[in-house]
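What follows is a set of notes on a single structure, which appears directly below.
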Amino acid sequence: MSSGEDRFVHRSAGATARLRRRYAAERRFRAYGLVAVGTALAILGLLLGAVLVRGTGAFFHRVVELDVALDPQRLGVEDARDPEALARADYARPVKDALRSLFPDVRSRSERRALQRLVSSGAGFIVRERVLEDPSLVGRTLRVAVPLDDKAQLYFSGQTGWQQDASSRSLSDAQLRWLDELARRGLVRREANWRFFTVGDSREPELAGLGGAIVGTLYTLIVTLLLCFPVGVAAALYLEEFAPRNRLTDFIEVNINNLAAVPSIVFGLLGLAVFLNFLGLPRSAPLVGGIVLSLMTLPTVIIAGRSAIASVPPSIREAALGVGASPLQVVAHHVLPLAMPGILTGTIIGMARALGETAPLLMIGMVAFIVDVPDGFLSPATVLPVQIYLWADAPERAAQLNAYGAILVLLVFLVAMNLSAVLLRNRFERRW
Amino acid sequence: MSHPAVTDDARSEPEAPMLTPPRVESARQDSGAAPADARDAKVSARDLCVFYGDKQALFDVDIDILENQVTALIGPSGCGKSTFLRCVNRMNDVIEGCRTTGSVTLDGTDVRDESIDVVQLRARVGMVFQKPNPFPKSIYDNVAYGPRIHGLASTRDEFDAVVQESLERAGLLAEVKDRLQEPGTSLSGGQQQRLCIARAIAVSPEVILMDEPCSALDPIATARIEELIDELRQSYTIVIVTHSMQQAARVSQRTAFFHLGVLVEVDETARIFTNPTDARTQDYITGRFG
């Protein structure tokens with residue numbers, strides 16, 4: 001009997017208990033994993049949710065409808081057909097007139113000034129654009145929607161208001177009453193803020209836009225791509241396919257890996273010292289920003305490229321060599337096409353990192369306040385993450401809303417780039 | 001396209017003989033080499049030693065490989081068969097730390113002679129590998145690749161002709177003629193290996209080296225390749241590494257037995273398998289080791 005039990009060692013009570021413990025351990029491990037993934041997802045959801053809730057505020061703003069009487073005299077224009085005179089005219093005055101006409105009982109000078117402050121100081125420019133488009137408007141009354149001032153925007157989006165003590169908010173009781181009155185008359189509308197994507201930065205948060213930062217980012221990334229892709233691929237190919245195995249190659253390899261771990265601000269200091277101070281390249285230029293970012297991205301591209309090249313099966317190289325292909329032909333006809341999906345993925349991921357980089361660009365002056373949308377690789381520019389940094393740091397609370405909006409735009413860019421990396425990989429991946 | 005066998009004329013032309021040891025009887029030594037007529041030798045090795053780093057893989061190999069014959073290289077794993085094979089088309093060059101002494105000659109010229117370009121050498125000495133390794137391109141492009149890089153064809157018609165003929169000779173045309181644009185990797189293992197043979201013969205080589213071409217194939221595909229090797233013998237000099245002694249016996253005219261990096265014996269296949277000179281050969285073919 002006992003010999004029988006010995007024979008069936010896997011059927012004994014001890015074995016059953018061991019089996020149970022094994023399954024319990026497996027279930028426990030799976031639970032740990034689920035908790036970890038759940039935590040990560042929750043944190044990500046919190047981040048995205050917070051950004052999304054506040055960021056969308058930047059894409060919509062409140063405008064007030066005004067009937068602006070374009071009296072040539074008030075504009076200070078003698079000849080309404082003279083485009084130069086029209087361009088120089090004072091459009092802020094008729095806007096003020098229009099607002100005052102809505103509140104005829106506002107008399108005192110300080111009260112009038114407080115009333116004017118409810119409408120964005122850029123309202124005059126909006127009227128000016130309309131008139132320059134269509135000079136025949138002069139002499140007529142134009143119904144135009146102009147953005148409210150950033151503080152009034154905050155009132156309508158519920159971030160300040162009557163619930164706050166008058167001393168702790170920037171709008172006076174009178175200003176709040178006027179805003180309520182405007183809303184009651186149905187003159188205040190919520191509108192998509194397309195200007196946010198087209199114009200440059202501004203001192204006035206309600207007039208500020210991301211256009212400059214988006215264009216600056218594009219210029220900078222073009223320079224980065226043009227530099228780091230060819231150089232990175234050539235370096236990866238040389239190191240992987242042609243370099244002799246010796247101490248020098250090992251030394252270079254180790255240093256490329258080290259370079260990938262160097263904090264990005266160090267690259268910024270390098271750019272400052274070499275490109276600005278020594279070579280005398282212009283400050284704040286996308287060209288310099290792109291060079292600095294490509295230095296930072298290069299190790300990533302080289303490392304990704306090398307692993308993609310190394311994963312091409314040696315049998316393909318042997319086959320090509322066997323029919324008499326030269327080393328360069330082996331690389332150009334076989335290795336590179338097979339490694340390309342991996343190289344592209346690595347490059348795009350490196351570019352996505354460069355897209356989100358702030359620190360090195362601060363060093364080379366891309367943190368300057370730049371109102372114009374850059375029109376070339378040498379004109380002063382800023383980039384999305386730096387713009388976010390600037391706005392988040394701005395004293396106006398409305399600027400922080402803009403920063404959330406900019407974060408959303410940056411995230412969309414990042415997701416688009418990562419998605420294209422995945423698509424490229426799937427599209428070009430070949431199996432053997 | 002023609003597959004010119006090298007004529008006597010071509011071989012009798014003056015060559016750079018400096019590095020070539022005199023091909024006389026004295027060149028054959030105690031390796032038990034059969035009295036191969038050295039004048040017919042397409043490929044000859046003399047005192048060939050190969051080192052991988054500090055490890056020596058081949059010891060003073062002397063062998064003559066005759067034209068339009070199939071020479072089989074047999075021996076236990078790690079005995080240097082493949083190493084020898086890869087010396088002939090200098091595929092060992094790409095292995096880090098590989099060093100060769102002695103000489104391997106092709107038509108009397110050392111393959112490492114300055115007058116021989118390695119790219120050209122590999123066009124003259126084709127190779128078929130152990131594992132079928134078609135390029136991840138279409139069947140057509142697999143075969144057309146060699147002629148394309150060597151400039152053997154230029155017009156679309158010429159390429160079509162080369163591809164057709166090579167596939168025909170490799171016995172694959174009937175099976176793939178309707179799907180030449182499909183990837184070569186979509187074929188079965190045996191078909192892939194025949195595609196690799198077609199790819200090798202498309203550049204009109206003089207010698208074809210086969211490194212265990214059937215080891216990854218089933219018996220039917222193997223039989224098909226063996227038939228093919230026998231047909232190809234008419235036009236090419238073939239060296240085949242094999243682990244199957246039956247295969248060596250079936251396809252080869254001459255057989256060389258390697259053991260621990262030493263060429264033990266090379267002779268007519270029939271003699272090796274019936275009346276080997278060396279006791280080690282005897283032990284190996286009767287299955288006492290290896």
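How things are named: the first chain in the structure tokens is A, the next is B, and so on; residues count from 1 in each chain; ligands count from 1 in the order shown.
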Pull out every residue of chain B sitting within 9 Å of chain A, counting only C-alpha atoms, and send them as a ChimeraX atom specification. /B:89,91,96,118-129,131-136,145-146,149-150,185-186,196,199-200,203
Go ahead and save the picked residues with C-alpha atoms, as a PDB file, in the first residue's frame.
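Output saved as selection-v7.pdb:
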ATOM      1  CA  ASN B  89      34.405  32.138 -51.628  1.00  0.00           C
ATOM      2  CA  MET B  91      32.791  34.190 -46.736  1.00  0.00           C
ATOM      3  CA  GLU B  96      35.333  38.664 -36.787  1.00  0.00           C
ATOM      4  CA  VAL B 118      36.089  39.366 -53.606  1.00  0.00           C
ATOM      5  CA  VAL B 119      32.819  40.507 -55.168  1.00  0.00           C
ATOM      6  CA  GLN B 120      33.818  38.917 -58.451  1.00  0.00           C
ATOM      7  CA  LEU B 121      35.024  35.801 -56.668  1.00  0.00           C
ATOM      8  CA  ARG B 122      31.623  35.325 -55.073  1.00  0.00           C
ATOM      9  CA  ALA B 123      29.996  35.742 -58.467  1.00  0.00           C
ATOM     10  CA  ARG B 124      32.221  32.944 -59.764  1.00  0.00           C
ATOM     11  CA  VAL B 125      31.721  30.801 -56.651  1.00  0.00           C
ATOM     12  CA  GLY B 126      28.055  30.711 -55.715  1.00  0.00           C
ATOM     13  CA  MET B 127      26.787  29.501 -52.385  1.00  0.00           C
ATOM     14  CA  VAL B 128      23.672  27.806 -51.071  1.00  0.00           C
ATOM     15  CA  PHE B 129      23.204  27.901 -47.320  1.00  0.00           C
ATOM     16  CA  LYS B 131      18.783  27.262 -44.001  1.00  0.00           C
ATOM     17  CA  PRO B 132      16.879  28.502 -47.047  1.00  0.00           C
ATOM     18  CA  ASN B 133      17.422  32.258 -46.992  1.00  0.00           C
ATOM     19  CA  PRO B 134      15.511  33.921 -49.816  1.00  0.00           C
ATOM     20  CA  PHE B 135      15.435  37.696 -49.681  1.00  0.00           C
ATOM     21  CA  PRO B 136      12.143  39.103 -48.416  1.00  0.00           C
ATOM     22  CA  TYR B 145      19.159  40.282 -57.896  1.00  0.00           C
ATOM     23  CA  GLY B 146      22.507  38.696 -58.767  1.00  0.00           C
ATOM     24  CA  ILE B 149      24.175  43.843 -59.295  1.00  0.00           C
ATOM     25  CA  HIS B 150      26.690  42.242 -61.647  1.00  0.00           C
ATOM     26  CA  THR B 185       9.380  33.687 -48.341  1.00  0.00           C
ATOM     27  CA  SER B 186       5.855  32.440 -49.103  1.00  0.00           C
ATOM     28  CA  CYS B 196      18.194  29.894 -53.456  1.00  0.00           C
ATOM     29  CA  ARG B 199      19.456  32.645 -57.296  1.00  0.00           C
ATOM     30  CA  ALA B 200      22.971  31.196 -57.147  1.00  0.00           C
ATOM     31  CA  VAL B 203      24.882  34.764 -61.920  1.00  0.00           C
TER      32      VAL B 203
END
I'd like to know which residues of region 34-248 of chain A are alpha helix (DSSP H) (by DSSP, run on the backbone); could you write them as a VMD selection string? chain A and resid 34 to 59 72 to 75 83 to 88 92 to 102 109 to 116 123 to 133 150 to 156 173 to 184 195 to 198 211 to 237 247 to 248
Quote the spacing between CA of Leu179 (chain A) and CA of Glu65 (chain A) in Å to one decimal place. 12.5 Å
Quote the spacing between CA of Trp178 (chain A) and CA of Gln400 (chain A) in Å to one decimal place. 25.2 Å
Can you pull out every residue from region 66-284 of chain B that DSSP, working from the backbone, puts in strand (DSSP E or B), and format the result as a ChimeraX atom specification? /B:66,70-74,98-106,109-110,125-128,138,183,207-211,237-241,254-259,262-268
Take the residues from that selection and write them out as a CSV table (one decimal), in the first residue's frame, keeping N, CA and C atoms.
chain,number,residue,atom,x,y,z
B,66,LEU,N,37.6,18.7,-58.3
B,66,LEU,CA,37.7,18.5,-59.7
B,66,LEU,C,36.5,19.2,-60.4
B,70,VAL,N,30.8,16.4,-58.4
B,70,VAL,CA,30.3,16.8,-57.1
B,70,VAL,C,31.2,16.2,-56.0
B,71,THR,N,31.7,17.1,-55.2
B,71,THR,CA,32.6,16.7,-54.1
B,71,THR,C,31.8,16.8,-52.8
B,72,ALA,N,31.7,15.8,-52.0
B,72,ALA,CA,31.0,15.8,-50.8
B,72,ALA,C,32.0,15.9,-49.6
B,73,LEU,N,31.7,16.8,-48.7
B,73,LEU,CA,32.5,16.9,-47.5
B,73,LEU,C,31.7,16.4,-46.3
B,74,ILE,N,32.3,15.3,-45.7
B,74,ILE,CA,31.5,14.7,-44.6
B,74,ILE,C,32.4,14.8,-43.3
B,98,CYS,N,38.7,36.0,-37.8
B,98,CYS,CA,39.0,34.8,-38.6
B,98,CYS,C,40.3,35.0,-39.4
B,99,ARG,N,41.2,34.1,-39.4
B,99,ARG,CA,42.5,34.3,-40.0
B,99,ARG,C,42.8,33.0,-40.8
B,100,THR,N,43.4,33.2,-42.0
B,100,THR,CA,43.6,32.1,-42.8
B,100,THR,C,45.1,32.1,-43.3
B,101,THR,N,45.7,30.9,-43.2
B,101,THR,CA,47.1,30.8,-43.8
B,101,THR,C,47.0,29.7,-44.9
B,102,GLY,N,48.1,29.6,-45.7
B,102,GLY,CA,48.1,28.6,-46.8
B,102,GLY,C,47.3,29.2,-47.9
B,103,SER,N,46.9,28.4,-48.9
B,103,SER,CA,46.3,28.9,-50.1
B,103,SER,C,45.1,28.1,-50.5
B,104,VAL,N,44.2,28.9,-51.1
B,104,VAL,CA,43.1,28.2,-51.8
B,104,VAL,C,43.1,28.8,-53.2
B,105,THR,N,43.2,28.0,-54.2
B,105,THR,CA,43.2,28.6,-55.5
B,105,THR,C,42.0,28.2,-56.3
B,106,LEU,N,41.6,29.1,-57.2
B,106,LEU,CA,40.5,28.9,-58.1
B,106,LEU,C,41.1,29.0,-59.5
B,109,THR,N,44.6,30.5,-59.4
B,109,THR,CA,44.9,31.8,-58.8
B,109,THR,C,44.4,31.8,-57.4
B,110,ASP,N,45.2,32.3,-56.5
B,110,ASP,CA,44.8,32.3,-55.1
B,110,ASP,C,43.6,33.2,-54.9
B,125,VAL,N,31.9,31.9,-57.6
B,125,VAL,CA,31.7,30.8,-56.7
B,125,VAL,C,30.4,31.1,-55.9
B,126,GLY,N,29.3,30.5,-56.4
B,126,GLY,CA,28.1,30.7,-55.7
B,126,GLY,C,27.9,29.9,-54.5
B,127,MET,N,26.9,30.2,-53.6
B,127,MET,CA,26.8,29.5,-52.4
B,127,MET,C,25.3,29.3,-52.1
B,128,VAL,N,25.0,28.1,-51.6
B,128,VAL,CA,23.7,27.8,-51.1
B,128,VAL,C,23.8,27.4,-49.6
B,138,SER,N,10.2,39.6,-54.0
B,138,SER,CA,9.4,38.7,-54.8
B,138,SER,C,10.4,37.6,-55.4
B,183,PRO,N,6.1,37.0,-52.7
B,183,PRO,CA,7.4,37.0,-52.0
B,183,PRO,C,8.0,35.6,-51.9
B,207,VAL,N,31.6,27.6,-59.7
B,207,VAL,CA,31.6,26.6,-58.7
B,207,VAL,C,30.3,26.9,-57.8
B,208,ILE,N,29.7,25.9,-57.3
B,208,ILE,CA,28.6,26.1,-56.4
B,208,ILE,C,28.9,25.4,-55.1
B,209,LEU,N,28.9,26.2,-54.0
B,209,LEU,CA,29.2,25.6,-52.7
B,209,LEU,C,27.8,25.4,-52.0
B,210,MET,N,27.6,24.2,-51.5
B,210,MET,CA,26.3,24.0,-50.8
B,210,MET,C,26.6,23.5,-49.4
B,211,ASP,N,26.2,24.3,-48.4
B,211,ASP,CA,26.4,24.0,-47.0
B,211,ASP,C,25.2,23.3,-46.4
B,237,THR,N,30.9,23.0,-61.1
B,237,THR,CA,31.6,22.2,-60.1
B,237,THR,C,30.9,22.4,-58.8
B,238,ILE,N,30.6,21.3,-58.1
B,238,ILE,CA,29.8,21.5,-56.9
B,238,ILE,C,30.5,20.9,-55.7
B,239,VAL,N,30.5,21.7,-54.6
B,239,VAL,CA,31.1,21.1,-53.4
B,239,VAL,C,29.9,21.2,-52.4
B,240,ILE,N,29.6,20.0,-51.8
B,240,ILE,CA,28.5,20.0,-50.9
B,240,ILE,C,28.9,19.4,-49.5
B,241,VAL,N,28.5,20.2,-48.5
B,241,VAL,CA,28.7,19.7,-47.1
B,241,VAL,C,27.5,18.9,-46.7
B,254,ARG,N,33.2,12.4,-55.6
B,254,ARG,CA,34.4,12.3,-54.7
B,254,ARG,C,33.9,12.7,-53.3
B,255,THR,N,34.5,12.1,-52.3
B,255,THR,CA,34.1,12.4,-50.9
B,255,THR,C,35.4,12.7,-50.1
B,256,ALA,N,35.3,13.8,-49.3
B,256,ALA,CA,36.4,14.1,-48.4
B,256,ALA,C,35.9,14.0,-46.9
B,257,PHE,N,36.7,13.3,-46.1
B,257,PHE,CA,36.3,13.1,-44.7
B,257,PHE,C,37.1,14.0,-43.8
B,258,PHE,N,36.4,14.9,-43.1
B,258,PHE,CA,37.1,15.8,-42.2
B,258,PHE,C,36.9,15.3,-40.8
B,259,HIS,N,38.0,15.5,-39.9
B,259,HIS,CA,37.8,15.1,-38.5
B,259,HIS,C,38.7,16.0,-37.7
B,262,VAL,N,41.0,18.3,-39.4
B,262,VAL,CA,42.0,17.7,-40.3
B,262,VAL,C,41.3,17.0,-41.5
B,263,LEU,N,41.8,17.1,-42.7
B,263,LEU,CA,41.3,16.4,-43.8
B,263,LEU,C,41.9,15.0,-43.7
B,264,VAL,N,41.1,14.0,-43.3
B,264,VAL,CA,41.6,12.7,-43.1
B,264,VAL,C,41.8,12.0,-44.4
B,265,GLU,N,40.9,12.1,-45.3
B,265,GLU,CA,40.9,11.3,-46.5
B,265,GLU,C,40.0,11.9,-47.5
B,266,VAL,N,40.5,11.9,-48.8
B,266,VAL,CA,39.7,12.3,-49.9
B,266,VAL,C,39.9,11.3,-51.0
B,267,ASP,N,38.8,10.9,-51.6
B,267,ASP,CA,38.9,9.8,-52.6
B,267,ASP,C,37.6,9.7,-53.4
B,268,GLU,N,37.6,8.8,-54.4
B,268,GLU,CA,36.4,8.5,-55.0
B,268,GLU,C,35.3,8.1,-54.0
12 Å contact set for Ser110 (chain A), only C-alpha atoms, chain neighbours under 6 positions out, as a list in words: Gln116, Arg117, Ser172, Ala174 and Gln175 of chain A
Mind writing the picked residues with C-alpha atoms as a PDB file, in the first residue's frame?
ATOM      1  CA  GLN A 116     -13.776 100.181 -20.922  1.00  0.00           C
ATOM      2  CA  ARG A 117     -11.576  97.667 -19.176  1.00  0.00           C
ATOM      3  CA  SER A 172     -15.257  95.621  -8.889  1.00  0.00           C
ATOM      4  CA  ALA A 174     -19.794  97.814 -10.652  1.00  0.00           C
ATOM      5  CA  GLN A 175     -17.924  95.872 -13.305  1.00  0.00           C
TER       6      GLN A 175
END
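Straight-line separation from CA of Leu408 (chain A) to CA of Ser121 (chain A): 26.6 Å.
Among the candidates A:Arg397, A:Arg195, A:His10, A:Arg190, the one nearest to Phe156 (chain A) when counting only C-alpha atoms is A:Arg190.
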Residues within 10 Å of Phe84 (chain B), only C-alpha atoms, excluding chain neighbours under 2 positions, as a ChimeraX atom specification: /B:45,48-50,57-58,61,73,79-82,86-90,92,104,241,258,261,263
Any chance you could export the current selection's N, CA and C atoms as a PDB file, in the first residue's frame?
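Full text of selection.pdb as output:
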ATOM      1  N   ALA B  45      43.315  23.472 -52.429  1.00  0.00           N
ATOM      2  CA  ALA B  45      43.780  24.071 -51.178  1.00  0.00           C
ATOM      3  C   ALA B  45      45.120  23.455 -50.850  1.00  0.00           C
ATOM      4  N   LEU B  48      46.198  24.692 -45.968  1.00  0.00           N
ATOM      5  CA  LEU B  48      45.199  25.659 -45.522  1.00  0.00           C
ATOM      6  C   LEU B  48      44.937  25.515 -44.023  1.00  0.00           C
ATOM      7  N   CYS B  49      45.212  26.586 -43.293  1.00  0.00           N
ATOM      8  CA  CYS B  49      44.893  26.618 -41.868  1.00  0.00           C
ATOM      9  C   CYS B  49      43.953  27.784 -41.618  1.00  0.00           C
ATOM     10  N   VAL B  50      42.944  27.563 -40.801  1.00  0.00           N
ATOM     11  CA  VAL B  50      42.018  28.638 -40.460  1.00  0.00           C
ATOM     12  C   VAL B  50      41.941  28.741 -38.946  1.00  0.00           C
ATOM     13  N   ALA B  57      40.756  26.014 -36.515  1.00  0.00           N
ATOM     14  CA  ALA B  57      39.629  25.204 -36.979  1.00  0.00           C
ATOM     15  C   ALA B  57      40.040  24.251 -38.088  1.00  0.00           C
ATOM     16  N   LEU B  58      41.048  24.626 -38.860  1.00  0.00           N
ATOM     17  CA  LEU B  58      41.511  23.740 -39.937  1.00  0.00           C
ATOM     18  C   LEU B  58      43.027  23.620 -39.848  1.00  0.00           C
ATOM     19  N   VAL B  61      45.122  21.733 -44.582  1.00  0.00           N
ATOM     20  CA  VAL B  61      44.277  20.967 -45.493  1.00  0.00           C
ATOM     21  C   VAL B  61      44.822  21.074 -46.913  1.00  0.00           C
ATOM     22  N   LEU B  73      31.679  16.826 -48.678  1.00  0.00           N
ATOM     23  CA  LEU B  73      32.507  16.937 -47.486  1.00  0.00           C
ATOM     24  C   LEU B  73      31.713  16.352 -46.333  1.00  0.00           C
ATOM     25  N   CYS B  79      33.867  19.799 -37.418  1.00  0.00           N
ATOM     26  CA  CYS B  79      35.120  19.242 -37.911  1.00  0.00           C
ATOM     27  C   CYS B  79      35.786  20.142 -38.930  1.00  0.00           C
ATOM     28  N   GLY B  80      35.123  21.246 -39.320  1.00  0.00           N
ATOM     29  CA  GLY B  80      35.761  22.173 -40.242  1.00  0.00           C
ATOM     30  C   GLY B  80      35.270  22.104 -41.670  1.00  0.00           C
ATOM     31  N   LYS B  81      34.227  21.314 -41.932  1.00  0.00           N
ATOM     32  CA  LYS B  81      33.723  21.212 -43.308  1.00  0.00           C
ATOM     33  C   LYS B  81      33.248  22.572 -43.813  1.00  0.00           C
ATOM     34  N   SER B  82      32.371  23.187 -43.026  1.00  0.00           N
ATOM     35  CA  SER B  82      31.815  24.466 -43.444  1.00  0.00           C
ATOM     36  C   SER B  82      32.892  25.533 -43.497  1.00  0.00           C
ATOM     37  N   ARG B  86      33.692  27.823 -46.703  1.00  0.00           N
ATOM     38  CA  ARG B  86      33.615  29.276 -46.699  1.00  0.00           C
ATOM     39  C   ARG B  86      34.945  29.931 -47.021  1.00  0.00           C
ATOM     40  N   CYS B  87      36.020  29.132 -47.057  1.00  0.00           N
ATOM     41  CA  CYS B  87      37.296  29.689 -47.501  1.00  0.00           C
ATOM     42  C   CYS B  87      37.296  29.900 -49.002  1.00  0.00           C
ATOM     43  N   VAL B  88      36.510  29.060 -49.696  1.00  0.00           N
ATOM     44  CA  VAL B  88      36.599  29.072 -51.156  1.00  0.00           C
ATOM     45  C   VAL B  88      36.022  30.370 -51.720  1.00  0.00           C
ATOM     46  N   ASN B  89      34.913  30.853 -51.136  1.00  0.00           N
ATOM     47  CA  ASN B  89      34.405  32.138 -51.628  1.00  0.00           C
ATOM     48  C   ASN B  89      34.643  33.266 -50.621  1.00  0.00           C
ATOM     49  N   ARG B  90      35.569  33.005 -49.708  1.00  0.00           N
ATOM     50  CA  ARG B  90      35.996  34.019 -48.741  1.00  0.00           C
ATOM     51  C   ARG B  90      34.844  34.566 -47.912  1.00  0.00           C
ATOM     52  N   ASN B  92      34.472  33.651 -45.050  1.00  0.00           N
ATOM     53  CA  ASN B  92      35.050  33.762 -43.709  1.00  0.00           C
ATOM     54  C   ASN B  92      35.539  35.178 -43.425  1.00  0.00           C
ATOM     55  N   VAL B 104      44.173  28.856 -51.088  1.00  0.00           N
ATOM     56  CA  VAL B 104      43.065  28.240 -51.798  1.00  0.00           C
ATOM     57  C   VAL B 104      43.094  28.849 -53.185  1.00  0.00           C
ATOM     58  N   VAL B 241      28.515  20.164 -48.471  1.00  0.00           N
ATOM     59  CA  VAL B 241      28.728  19.687 -47.098  1.00  0.00           C
ATOM     60  C   VAL B 241      27.474  18.941 -46.698  1.00  0.00           C
ATOM     61  N   PHE B 258      36.442  14.897 -43.101  1.00  0.00           N
ATOM     62  CA  PHE B 258      37.126  15.795 -42.167  1.00  0.00           C
ATOM     63  C   PHE B 258      36.900  15.286 -40.754  1.00  0.00           C
ATOM     64  N   GLY B 261      39.152  19.150 -37.703  1.00  0.00           N
ATOM     65  CA  GLY B 261      39.893  20.159 -38.440  1.00  0.00           C
ATOM     66  C   GLY B 261      40.951  19.604 -39.366  1.00  0.00           C
ATOM     67  N   LEU B 263      41.811  17.143 -42.660  1.00  0.00           N
ATOM     68  CA  LEU B 263      41.265  16.383 -43.773  1.00  0.00           C
ATOM     69  C   LEU B 263      41.869  14.984 -43.685  1.00  0.00           C
TER      70      LEU B 263
END
Nearest residue to Leu225 (chain A) from the set A:Val254, A:Arg18, A:Gly200, A:Ile348 (distances using only C-alpha atoms): A:Ile348
With only C-alpha atoms as the atoms that count, which of B:Ala270, B:Ile285, B:Leu260, B:Leu167 lies nearest to Asp60 (chain B)? B:Leu260
Do a neighbour search on Tyr284 (chain B) at 10 Å with only C-alpha atoms, toss out local chain neighbours closer than 4 positions, and write the hits as a CSV table (one decimal) with N, CA and C atoms, in the first residue's frame.
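Okay, part_8.csv is ready:
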chain,number,residue,atom,x,y,z
B,74,ILE,N,32.3,15.3,-45.7
B,74,ILE,CA,31.5,14.7,-44.6
B,74,ILE,C,32.4,14.8,-43.3
B,75,GLY,N,31.8,14.5,-42.2
B,75,GLY,CA,32.5,14.5,-41.0
B,75,GLY,C,31.6,15.0,-39.8
B,76,PRO,N,32.0,14.7,-38.6
B,76,PRO,CA,31.2,15.1,-37.5
B,76,PRO,C,31.1,16.6,-37.3
B,245,MET,N,25.5,10.5,-44.8
B,245,MET,CA,26.4,9.7,-45.6
B,245,MET,C,25.7,9.1,-46.8
B,257,PHE,N,36.7,13.3,-46.1
B,257,PHE,CA,36.3,13.1,-44.7
B,257,PHE,C,37.1,14.0,-43.8
B,259,HIS,N,38.0,15.5,-39.9
B,259,HIS,CA,37.8,15.1,-38.5
B,259,HIS,C,38.7,16.0,-37.7
B,279,ALA,N,41.5,4.4,-40.6
B,279,ALA,CA,40.6,3.8,-39.6
B,279,ALA,C,39.6,4.7,-39.1
B,280,ARG,N,39.9,6.0,-39.0
B,280,ARG,CA,38.9,7.0,-38.5
B,280,ARG,C,37.7,7.1,-39.5
B,288,ARG,N,30.5,4.4,-35.8
B,288,ARG,CA,31.1,4.2,-34.5
B,288,ARG,C,31.3,5.5,-33.7
B,289,PHE,N,31.5,6.6,-34.4
B,289,PHE,CA,31.4,7.9,-33.7
B,289,PHE,C,30.8,9.0,-34.6
B,290,GLY,N,30.6,10.1,-34.1
B,290,GLY,CA,30.1,11.2,-34.8
B,290,GLY,C,28.6,11.2,-34.7
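If you measure from each of B:Val176, B:Leu85, B:Ile225, B:Ile220 to Gln193 (chain B) using only C-alpha atoms, the closest one turns out to be B:Ile225.
Of the listed residues (A:Gly57, A:Gly356, A:Gly45, A:Gly158), A:Gly356 comes nearest to Tyr389 (chain A); the distances count only C-alpha atoms.
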